[in-house]
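A.B. asks: Dropping a structure here in structure tokens format, bear with me for questions.
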Amino acid sequence: MRRRSKEPRLPKAETRILEQYWKLGAASVREVLESLPEDERVAYTTVQTLVYRLEEKGALRKVKKIGNAQLFQPALDQSQYRSRLIRDLLDLFGGSPRLLVSNLLENGALSLRDLRALQSAARSDKSGRSREGKRA
């Protein structure tokens, strides 16, 4: 049986709100609402509900109250959250990065040009690391 992660799985709408908090830091519901692009704006109460759900799940925490406004800030680290999402995605492909990349190529989400650029970046990163290791 698979171990459950401590971090919650978040629906797209909740993730979008959390992304705004990662950009803004501590912010009120109103500030988050106003930071959304015009075409993504929803009712204040919708954002408020999403914020409270994120707080219940441990993704946000209250940090301060100013008048009637509560300020929240992210309780989850963005890079750790993204890493977990990538691990979950790889799990859908049996843990195989090759199957994942093959699927991305097949459906056009990744081009051969993109793949070559990634390979080149990986090679230069690898050679940079090996040179650093030899110096130490």
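Ordering of the structure tokens sets the chain letters (A, B, ...), residue numbers begin anew at 1 in every chain, and ligands are numbered from 1 in the order given.
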Name the residues of range 6-94 of chain A that come out as strand (DSSP E or B) in a backbone DSSP run; write them as a PyMOL selection string.

C.D. replies: chain A and resi 27+60-66+69-74

A.B. asks: Write out as a PyMOL selection string the set of residues from range 9-110 of chain A that DSSP, computed on the backbone, places in helix (DSSP H, G or I).

C.D. replies: chain A and resi 12-24+29-35+38-40+44-56+78-92+97-106

A.B. asks: Would you pick out the contacts of Asp77 in chain A at 12 Å or less, using only C-alpha atoms, so that residues sharing its chain but fewer than 5 positions from it are not included, and give the list as a compact mmCIF listing (two decimals) with N, CA and C atoms, in the first residue's frame?

C.D. replies:
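The file below, part.txt, is the result:
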# COMPACT_ATOMS: atom_id res chain seq x y z
N GLU A 7 1.50 16.31 2.66
CA GLU A 7 0.97 17.46 1.94
C GLU A 7 -0.32 17.06 1.23
N LEU A 18 -3.28 29.20 -4.00
CA LEU A 18 -2.00 29.00 -3.33
C LEU A 18 -0.86 29.63 -4.14
N GLU A 19 -0.92 29.52 -5.46
CA GLU A 19 0.10 30.16 -6.31
C GLU A 19 0.14 31.66 -6.08
N TYR A 21 -0.63 33.21 -3.31
CA TYR A 21 0.02 33.42 -2.02
C TYR A 21 1.54 33.25 -2.13
N TRP A 22 2.00 32.32 -2.96
CA TRP A 22 3.44 32.19 -3.16
C TRP A 22 4.02 33.45 -3.77
N LYS A 23 3.27 34.09 -4.65
CA LYS A 23 3.72 35.35 -5.26
C LYS A 23 3.66 36.51 -4.28
N GLY A 25 3.08 36.45 -0.75
CA GLY A 25 3.44 36.28 0.66
C GLY A 25 2.19 36.44 1.50
N GLY A 58 -3.96 22.74 5.72
CA GLY A 58 -2.59 23.02 6.15
C GLY A 58 -1.72 23.67 5.10
N ALA A 59 -2.31 24.11 4.00
CA ALA A 59 -1.54 24.74 2.93
C ALA A 59 -1.34 26.24 3.18
N LEU A 60 -2.25 26.85 3.95
CA LEU A 60 -2.13 28.26 4.35
C LEU A 60 -2.25 28.33 5.86
N ARG A 82 5.76 21.22 -5.76
CA ARG A 82 5.93 20.86 -7.18
C ARG A 82 6.66 19.53 -7.33
N SER A 83 7.67 19.29 -6.49
CA SER A 83 8.39 18.01 -6.56
C SER A 83 7.45 16.84 -6.29
N ARG A 84 6.56 17.02 -5.30
CA ARG A 84 5.61 15.95 -5.00
C ARG A 84 4.65 15.72 -6.17

A.B. asks: Please report the interatomic distance between CA of Ala69 in chain A and CA of Val29 in chain A in Å with one decimal.

C.D. replies: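 Distance reported for this atom pair: 7.8 Å.
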
A.B. asks: Which distance in Å separates CA of Ser120 in chain A and CA of Leu90 in chain A, to one decimal?

C.D. replies: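 Separation of CA of Ser120 in chain A and CA of Leu90 in chain A: 22.1 Å.
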
A.B. asks: List the spatial neighbours of range 40-48 of chain A as a PDB file with N, CA and C atoms, in the first residue's frame - criterion: any atom at most 8 Å away, only C-alpha atoms, same-chain residues fewer than 6 positions off excluded.

C.D. replies:
ATOM      1  N   ILE A  17      -5.081  29.585  -6.106  1.00  0.00           N
ATOM      2  CA  ILE A  17      -5.065  30.536  -4.987  1.00  0.00           C
ATOM      3  C   ILE A  17      -3.736  30.424  -4.234  1.00  0.00           C
ATOM      4  N   VAL A  29      -7.704  37.972   1.742  1.00  0.00           N
ATOM      5  CA  VAL A  29      -8.526  37.410   0.673  1.00  0.00           C
ATOM      6  C   VAL A  29      -8.727  38.454  -0.429  1.00  0.00           C
ATOM      7  N   ARG A  30      -9.021  39.687  -0.045  1.00  0.00           N
ATOM      8  CA  ARG A  30      -9.242  40.779  -1.008  1.00  0.00           C
ATOM      9  C   ARG A  30      -7.989  41.004  -1.873  1.00  0.00           C
ATOM     10  N   VAL A  32      -5.642  38.861  -2.601  1.00  0.00           N
ATOM     11  CA  VAL A  32      -5.495  37.731  -3.516  1.00  0.00           C
ATOM     12  C   VAL A  32      -6.478  37.862  -4.670  1.00  0.00           C
ATOM     13  N   LEU A  33      -7.724  38.184  -4.366  1.00  0.00           N
ATOM     14  CA  LEU A  33      -8.736  38.366  -5.402  1.00  0.00           C
ATOM     15  C   LEU A  33      -8.291  39.425  -6.405  1.00  0.00           C
ATOM     16  N   GLU A  34      -7.809  40.560  -5.906  1.00  0.00           N
ATOM     17  CA  GLU A  34      -7.394  41.655  -6.780  1.00  0.00           C
ATOM     18  C   GLU A  34      -6.126  41.336  -7.568  1.00  0.00           C
TER      19      GLU A  34
END

A.B. asks: Find the distance between CA of Glu56 in chain A and CA of Pro11 in chain A and write it in Å to one decimal.

C.D. replies: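 Taking CA of Glu56 in chain A and CA of Pro11 in chain A, their separation equals 13.9 Å.
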